[in-house]
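Visitor: Structure incoming, see below.
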Amino acid sequence: MSVDQKHIENAERARQLYLDNLNPIEAMADWHYAVQQARKLVADALRASKYLTDIKGGLRLSGAHNLVYRQLLAPPLSQDQFALVCPTWKKSSETKPKGVSEPIASSMETVITKRLDQGLVKWLAGARPPSRRDVITVLRVISTLMAQQKISTARRSRLAAEQEHAVADLLLADGWTRDPSRLIDTRAAVPPRHFMHKTRFATNTATSQEVDIACGLSDTYVLAMECKVTNDETNSVKRINDVIKKAGAWASHWGSFVKSAALLQGVIHPRDVQRLSDAGIHVFWSHDLPEFHKWLSTQLK
């Protein structure tokens, strides 16, 4: 694959900026963010299961709670390990907000209850409600354990949020109007110089596709821009594939009336950037937002 020189140069610039930002202050911010996010997940899972007295009930509410329940085991189990001891369980259920079925939840509860770390959940053996100290201990121990596993994701999420807000700030400073997010299912849903953050585009399938930033252009055209931050070149493959898949779904439904774009940041292999260009996706960089602003002005009358 032939790679455009500008992609090589921008990828190197983005990589260097990413490395420059790996300082103790940034690392501490990432760690605190990861702990905060994990703590919320642990608290939600405890409440959903009535503090582990009704694990099946918690799983019936959301299969995602199993991410927390797996960490409460002695020892904690990975997804693959949990699948071995509970064959009816599917990994994908942890990534979906909906609950698992009654029989699967029952099987999972049996596995989890037998393996719970009794040193962490002393209130269960005593057949009493957990004390404030009990809850604080579980929140501290499990959120720290989960944060260690999720620190890279947390850093990427924090940078992505900053990336998206930078685009929104640029548009607002240029006089654009921010509209409430809603399903984009008609061509004129986003008027020129209006934008939405975290909205969804209708597609030919029953599932709509979320987009980070949707900008109204002239002649009912809409820009669908995905903001992607990656920590390494291996991670970038998944992020780029996600953009290409979404762009294909939008093109299939909307044709040329949706212009797809990607705003990139972090460590990305130039050949993955080239794949975006080859798929007809406009490529912009967080370190060069003026270039995006310049291009945007050419799409308005």
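In the structure tokens, each chain is lettered A, B, ... as it comes, each chain's residues begin at 1, and ligands are numbered from 1 in order of appearance.
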DSSP on the backbone: what in stretch 18-239 of chain A comes out alpha helix (DSSP H), as a PyMOL selection string?
Guide: chain A and resi 18-20+24-48+55-61+66-71+79-85+102-115+122-125+132-173+233-239
Visitor: Using only C-alpha atoms, determine which residues lie at most 12 Å from A:Arg133, disregarding the query and same-chain residues fewer than 5 positions distant; provide the list as a PyMOL selection string.
Guide: chain A and resi 120-123+138-140
Visitor: DSSP on the backbone: which residues in stretch 99-292 of chain A end up as strand (DSSP E)? Give the answer as JSON, numbers by chain.
Guide: {"A": [177, 178, 183, 184, 194, 195, 196, 197, 198, 199, 200, 201, 209, 210, 211, 212, 213, 214, 215, 216, 222, 223, 224, 225, 226, 227, 228, 229, 230, 258, 259, 260, 261, 262, 263, 264, 265, 266, 282, 283, 284, 285]}
Visitor: Give the answer as one residue: which of A:Gly58, A:His253, A:Glu12, A:Ser2 has the shortest atom-to-atom distance to A:Glu233, using only C-alpha atoms?
Guide: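 Among the listed residues, the smallest separation from A:Glu233 belongs to A:Glu12.
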Visitor: Using only C-alpha atoms, tabulate the residues of stretch 139-181 of chain A lying at most 7 Å from any atom of stretch 36-42 of chain A, each with its closest atom pair and that distance in Å to one decimal, by chain and increasing residue number, as a Markdown table.
Guide:
```
| residue | atom | partner | partner_atom | distance |
| --- | --- | --- | --- | --- |
| A:Leu139 | CA | A:Arg39 | CA | 6.0 |
| A:Ser143 | CA | A:Ala38 | CA | 4.8 |
| A:Met146 | CA | A:Ala38 | CA | 6.1 |
| A:Ala147 | CA | A:Ala38 | CA | 6.1 |
```
Visitor: Please list as a count of residues only every residue within 7 Å of A:Cys227, counting only C-alpha atoms and excluding residues in the same chain fewer than 2 positions away.
Guide: 9
Visitor: Could you check which of A:Lys91, A:His197, A:Lys228, A:His287 is closest to A:Leu17, using only C-alpha atoms?
Guide: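 Closest residue, counting only C-alpha atoms: A:His287.
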Visitor: Determine, counting only C-alpha atoms, which protein, DNA and RNA residues have an atom within 7 Å of an atom of A:Ala11; residues of the same chain fewer than 2 positions away are not included. Present the result as a list in words.
Guide: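 So the residues in contact are His7, Ile8, Glu9, Arg13, Ala14, Arg15, Ile268, His269 and Pro270 of chain A.
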Visitor: Considering only C-alpha atoms, return as a list in words whatever protein or nucleic-acid residues lie within 12 Å of A:Met108, sequence-local ones (same chain, fewer than 5 positions apart) excluded.
Guide: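 Residues meeting the cut-off are Asp54, Ile55, Lys56, Gly57, Gly58, Leu59, Arg60, Gly63, His65, Asn66, Tyr69, Arg70, Phe82, Ala83, Leu84, Val85, Cys86, Pro87, Thr88, Trp89, Lys90, Ser93, Val100, Ser101, Glu102, Pro103, Thr113, Lys114 and Arg115 of chain A.
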Visitor: Report the distance between atom CA of A:Leu159 and atom CA of A:Gly266 in Å, rounded to one decimal place.
Guide: 9.1 Å
Visitor: Which polymer residues have any atom within 8 Å of an atom of A:Ala34, counting only C-alpha atoms, with same-chain residues fewer than 4 positions away left out, as a list in words?
Guide: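 Answer for this query is Asp30, Ala38, Ala147, Gln148, Lys150, Ile151, Ala154 and Arg155 of chain A.
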Visitor: Next, the residues of the selection above should be written as a PDB file, in the first residue's frame with C-alpha atoms.
Guide:
```pdb
ATOM      1  CA  ASP A  30      -5.673   9.382  33.916  1.00  0.00           C
ATOM      2  CA  ALA A  38     -14.589   2.114  38.087  1.00  0.00           C
ATOM      3  CA  ALA A 147      -8.728   0.844  37.245  1.00  0.00           C
ATOM      4  CA  GLN A 148      -5.410  -0.953  36.863  1.00  0.00           C
ATOM      5  CA  LYS A 150      -8.640   0.070  32.414  1.00  0.00           C
ATOM      6  CA  ILE A 151      -6.058   2.837  32.677  1.00  0.00           C
ATOM      7  CA  ALA A 154      -9.450   5.781  30.649  1.00  0.00           C
ATOM      8  CA  ARG A 155      -6.666   7.842  29.089  1.00  0.00           C
TER       9      ARG A 155
END
```
Visitor: I'd like the contact shell of stretch 166-173 of chain A - 12 Å cut-off, only C-alpha atoms, skipping same-chain residues fewer than 3 positions apart - returned as an MDAnalysis selection string.
Guide: chainID A and resid 159:163 176:179 192:198 212:216 225:227 262:264 284:294 296:297
Visitor: Quick one, how far is atom CA of A:Thr203 from atom CA of A:Ala249?
Guide: 6.1 Å
